[in-house]
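Working notes, structure below.
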Amino acid sequence: MNKLRDKIKTKSFWVSVAGMLALLLARSGVLHAEAVATAIVEGIGGVLIALGIIAAPPATPQESESEESEKDDKDEKED
């Protein structure tokens, strides 16, 4: 009985239970797993973006070189 109490207190136990329930509900047709998974991923992504944890990647050297060459072309046309 003490082993069960110890397991109930762990996060991994509850993640396993939630996964099992989602699987059972999806198999029975009550829950549309794709819609739920999409909503969860979008929700987590939205929170991470709002907190600033995820941001746009910095410009690569290729992008910055192409921007500089475009500016040089414009300068030459003006002369």
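Residues are named by chain letter and number: chains run A, B, ... in the order of the structure tokens, numbers start at 1 in each chain, and ligands are numbered from 1 in the order shown.
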
Tell me, as a PDB file with all heavy atoms, in the first residue's frame, which residues lie within 12 Å of stretch 5-22 of chain A, counting only C-alpha atoms; anything in the same chain fewer than 3 positions away does not count.
```
ATOM      1  N   MET A   1       0.824  -1.194   0.000  1.00  0.00           N
ATOM      2  CA  MET A   1       0.000   0.000   0.000  1.00  0.00           C
ATOM      3  C   MET A   1       0.870   1.260   0.000  1.00  0.00           C
ATOM      4  O   MET A   1       0.502   2.252  -0.602  1.00  0.00           O
ATOM      5  CB  MET A   1      -0.933  -0.046   1.216  1.00  0.00           C
ATOM      6  CG  MET A   1      -1.950   1.023   1.219  1.00  0.00           C
ATOM      7  SD  MET A   1      -3.149   0.736  -0.076  1.00  0.00           S
ATOM      8  CE  MET A   1      -4.341   1.932   0.309  1.00  0.00           C
ATOM      9  N   ASN A   2       2.024   1.210   0.677  1.00  0.00           N
ATOM     10  CA  ASN A   2       2.901   2.379   0.718  1.00  0.00           C
ATOM     11  C   ASN A   2       3.505   2.679  -0.641  1.00  0.00           C
ATOM     12  O   ASN A   2       3.757   3.831  -0.978  1.00  0.00           O
ATOM     13  CB  ASN A   2       4.001   2.179   1.752  1.00  0.00           C
ATOM     14  CG  ASN A   2       3.477   2.259   3.175  1.00  0.00           C
ATOM     15  OD1 ASN A   2       2.462   2.901   3.418  1.00  0.00           O
ATOM     16  ND2 ASN A   2       4.146   1.603   4.098  1.00  0.00           N
ATOM     17  N   LEU A  25     -10.142   7.372 -24.245  1.00  0.00           N
ATOM     18  CA  LEU A  25     -11.203   8.222 -24.779  1.00  0.00           C
ATOM     19  C   LEU A  25     -11.120   8.326 -26.301  1.00  0.00           C
ATOM     20  O   LEU A  25     -12.141   8.356 -26.987  1.00  0.00           O
ATOM     21  CB  LEU A  25     -11.129   9.608 -24.140  1.00  0.00           C
ATOM     22  CG  LEU A  25     -11.510   9.669 -22.663  1.00  0.00           C
ATOM     23  CD1 LEU A  25     -11.245  11.061 -22.106  1.00  0.00           C
ATOM     24  CD2 LEU A  25     -12.960   9.269 -22.454  1.00  0.00           C
ATOM     25  N   ALA A  26      -9.916   8.366 -26.846  1.00  0.00           N
ATOM     26  CA  ALA A  26      -9.750   8.432 -28.296  1.00  0.00           C
ATOM     27  C   ALA A  26     -10.209   7.130 -28.946  1.00  0.00           C
ATOM     28  O   ALA A  26     -10.859   7.145 -30.001  1.00  0.00           O
ATOM     29  CB  ALA A  26      -8.297   8.716 -28.647  1.00  0.00           C
ATOM     30  N   ARG A  27      -9.876   5.992 -28.337  1.00  0.00           N
ATOM     31  CA  ARG A  27     -10.278   4.693 -28.883  1.00  0.00           C
ATOM     32  C   ARG A  27     -11.787   4.497 -28.822  1.00  0.00           C
ATOM     33  O   ARG A  27     -12.369   3.845 -29.675  1.00  0.00           O
ATOM     34  CB  ARG A  27      -9.595   3.554 -28.129  1.00  0.00           C
ATOM     35  CG  ARG A  27      -8.143   3.458 -28.372  1.00  0.00           C
ATOM     36  CD  ARG A  27      -7.927   2.923 -29.751  1.00  0.00           C
ATOM     37  NE  ARG A  27      -6.489   2.769 -29.990  1.00  0.00           N
ATOM     38  CZ  ARG A  27      -5.996   2.204 -31.042  1.00  0.00           C
ATOM     39  NH1 ARG A  27      -6.785   1.739 -31.963  1.00  0.00           N
ATOM     40  NH2 ARG A  27      -4.708   2.122 -31.185  1.00  0.00           N
ATOM     41  N   SER A  28     -12.430   5.062 -27.822  1.00  0.00           N
ATOM     42  CA  SER A  28     -13.874   4.901 -27.694  1.00  0.00           C
ATOM     43  C   SER A  28     -14.642   5.883 -28.571  1.00  0.00           C
ATOM     44  O   SER A  28     -15.854   5.774 -28.701  1.00  0.00           O
ATOM     45  CB  SER A  28     -14.297   5.056 -26.235  1.00  0.00           C
ATOM     46  OG  SER A  28     -14.042   6.376 -25.801  1.00  0.00           O
ATOM     47  N   GLY A  29     -13.938   6.839 -29.161  1.00  0.00           N
ATOM     48  CA  GLY A  29     -14.596   7.793 -30.058  1.00  0.00           C
ATOM     49  C   GLY A  29     -15.115   9.029 -29.360  1.00  0.00           C
ATOM     50  O   GLY A  29     -15.721   9.899 -29.987  1.00  0.00           O
ATOM     51  N   VAL A  30     -14.920   9.142 -28.082  1.00  0.00           N
ATOM     52  CA  VAL A  30     -15.397  10.296 -27.319  1.00  0.00           C
ATOM     53  C   VAL A  30     -14.516  11.519 -27.567  1.00  0.00           C
ATOM     54  O   VAL A  30     -14.988  12.640 -27.634  1.00  0.00           O
ATOM     55  CB  VAL A  30     -15.431   9.965 -25.809  1.00  0.00           C
ATOM     56  CG1 VAL A  30     -15.819  11.175 -24.981  1.00  0.00           C
ATOM     57  CG2 VAL A  30     -16.377   8.812 -25.554  1.00  0.00           C
ATOM     58  N   LEU A  31     -13.252  11.282 -27.729  1.00  0.00           N
ATOM     59  CA  LEU A  31     -12.262  12.358 -27.831  1.00  0.00           C
ATOM     60  C   LEU A  31     -11.555  12.287 -29.178  1.00  0.00           C
ATOM     61  O   LEU A  31     -11.159  11.222 -29.611  1.00  0.00           O
ATOM     62  CB  LEU A  31     -11.238  12.200 -26.704  1.00  0.00           C
ATOM     63  CG  LEU A  31     -10.134  13.209 -26.576  1.00  0.00           C
ATOM     64  CD1 LEU A  31     -10.701  14.537 -26.118  1.00  0.00           C
ATOM     65  CD2 LEU A  31      -9.120  12.731 -25.564  1.00  0.00           C
ATOM     66  N   HIS A  32     -11.424  13.419 -29.823  1.00  0.00           N
ATOM     67  CA  HIS A  32     -10.676  13.484 -31.076  1.00  0.00           C
ATOM     68  C   HIS A  32      -9.240  13.860 -30.725  1.00  0.00           C
ATOM     69  O   HIS A  32      -8.941  15.016 -30.441  1.00  0.00           O
ATOM     70  CB  HIS A  32     -11.288  14.510 -32.025  1.00  0.00           C
ATOM     71  CG  HIS A  32     -12.683  14.154 -32.415  1.00  0.00           C
ATOM     72  ND1 HIS A  32     -12.963  13.128 -33.273  1.00  0.00           N
ATOM     73  CD2 HIS A  32     -13.877  14.649 -32.035  1.00  0.00           C
ATOM     74  CE1 HIS A  32     -14.264  13.026 -33.430  1.00  0.00           C
ATOM     75  NE2 HIS A  32     -14.848  13.946 -32.683  1.00  0.00           N
ATOM     76  N   ALA A  33      -8.353  12.882 -30.762  1.00  0.00           N
ATOM     77  CA  ALA A  33      -6.995  13.047 -30.276  1.00  0.00           C
ATOM     78  C   ALA A  33      -6.215  14.090 -31.067  1.00  0.00           C
ATOM     79  O   ALA A  33      -5.426  14.837 -30.500  1.00  0.00           O
ATOM     80  CB  ALA A  33      -6.265  11.715 -30.303  1.00  0.00           C
ATOM     81  N   GLU A  34      -6.433  14.160 -32.373  1.00  0.00           N
ATOM     82  CA  GLU A  34      -5.679  15.128 -33.182  1.00  0.00           C
ATOM     83  C   GLU A  34      -6.011  16.558 -32.783  1.00  0.00           C
ATOM     84  O   GLU A  34      -5.125  17.401 -32.678  1.00  0.00           O
ATOM     85  CB  GLU A  34      -5.974  14.907 -34.658  1.00  0.00           C
ATOM     86  CG  GLU A  34      -5.435  13.602 -35.197  1.00  0.00           C
ATOM     87  CD  GLU A  34      -5.810  13.380 -36.642  1.00  0.00           C
ATOM     88  OE1 GLU A  34      -6.236  14.341 -37.306  1.00  0.00           O
ATOM     89  OE2 GLU A  34      -5.676  12.244 -37.106  1.00  0.00           O
ATOM     90  N   ALA A  35      -7.278  16.832 -32.574  1.00  0.00           N
ATOM     91  CA  ALA A  35      -7.691  18.185 -32.194  1.00  0.00           C
ATOM     92  C   ALA A  35      -7.146  18.555 -30.817  1.00  0.00           C
ATOM     93  O   ALA A  35      -6.689  19.680 -30.599  1.00  0.00           O
ATOM     94  CB  ALA A  35      -9.205  18.290 -32.207  1.00  0.00           C
ATOM     95  N   VAL A  36      -7.169  17.611 -29.901  1.00  0.00           N
ATOM     96  CA  VAL A  36      -6.676  17.868 -28.548  1.00  0.00           C
ATOM     97  C   VAL A  36      -5.168  18.086 -28.570  1.00  0.00           C
ATOM     98  O   VAL A  36      -4.653  19.012 -27.933  1.00  0.00           O
ATOM     99  CB  VAL A  36      -7.056  16.714 -27.594  1.00  0.00           C
ATOM    100  CG1 VAL A  36      -6.394  16.884 -26.247  1.00  0.00           C
ATOM    101  CG2 VAL A  36      -8.561  16.641 -27.439  1.00  0.00           C
ATOM    102  N   ALA A  37      -4.451  17.244 -29.301  1.00  0.00           N
ATOM    103  CA  ALA A  37      -2.993  17.383 -29.380  1.00  0.00           C
ATOM    104  C   ALA A  37      -2.612  18.714 -30.007  1.00  0.00           C
ATOM    105  O   ALA A  37      -1.704  19.398 -29.531  1.00  0.00           O
ATOM    106  CB  ALA A  37      -2.395  16.228 -30.179  1.00  0.00           C
TER     107      ALA A  37
END
```

**Request:** Enter the distance from atom CA of A:Ile54 to atom CA of A:Glu42, in Å, rounded to one decimal.
**Result:**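 Taking atom CA of A:Ile54 as the start and atom CA of A:Glu42 as the end point, the length is 12.9 Å.
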
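Atom to atom, atom CA of A:Ile53 and atom CA of A:Ile40 stand 17.2 Å apart.
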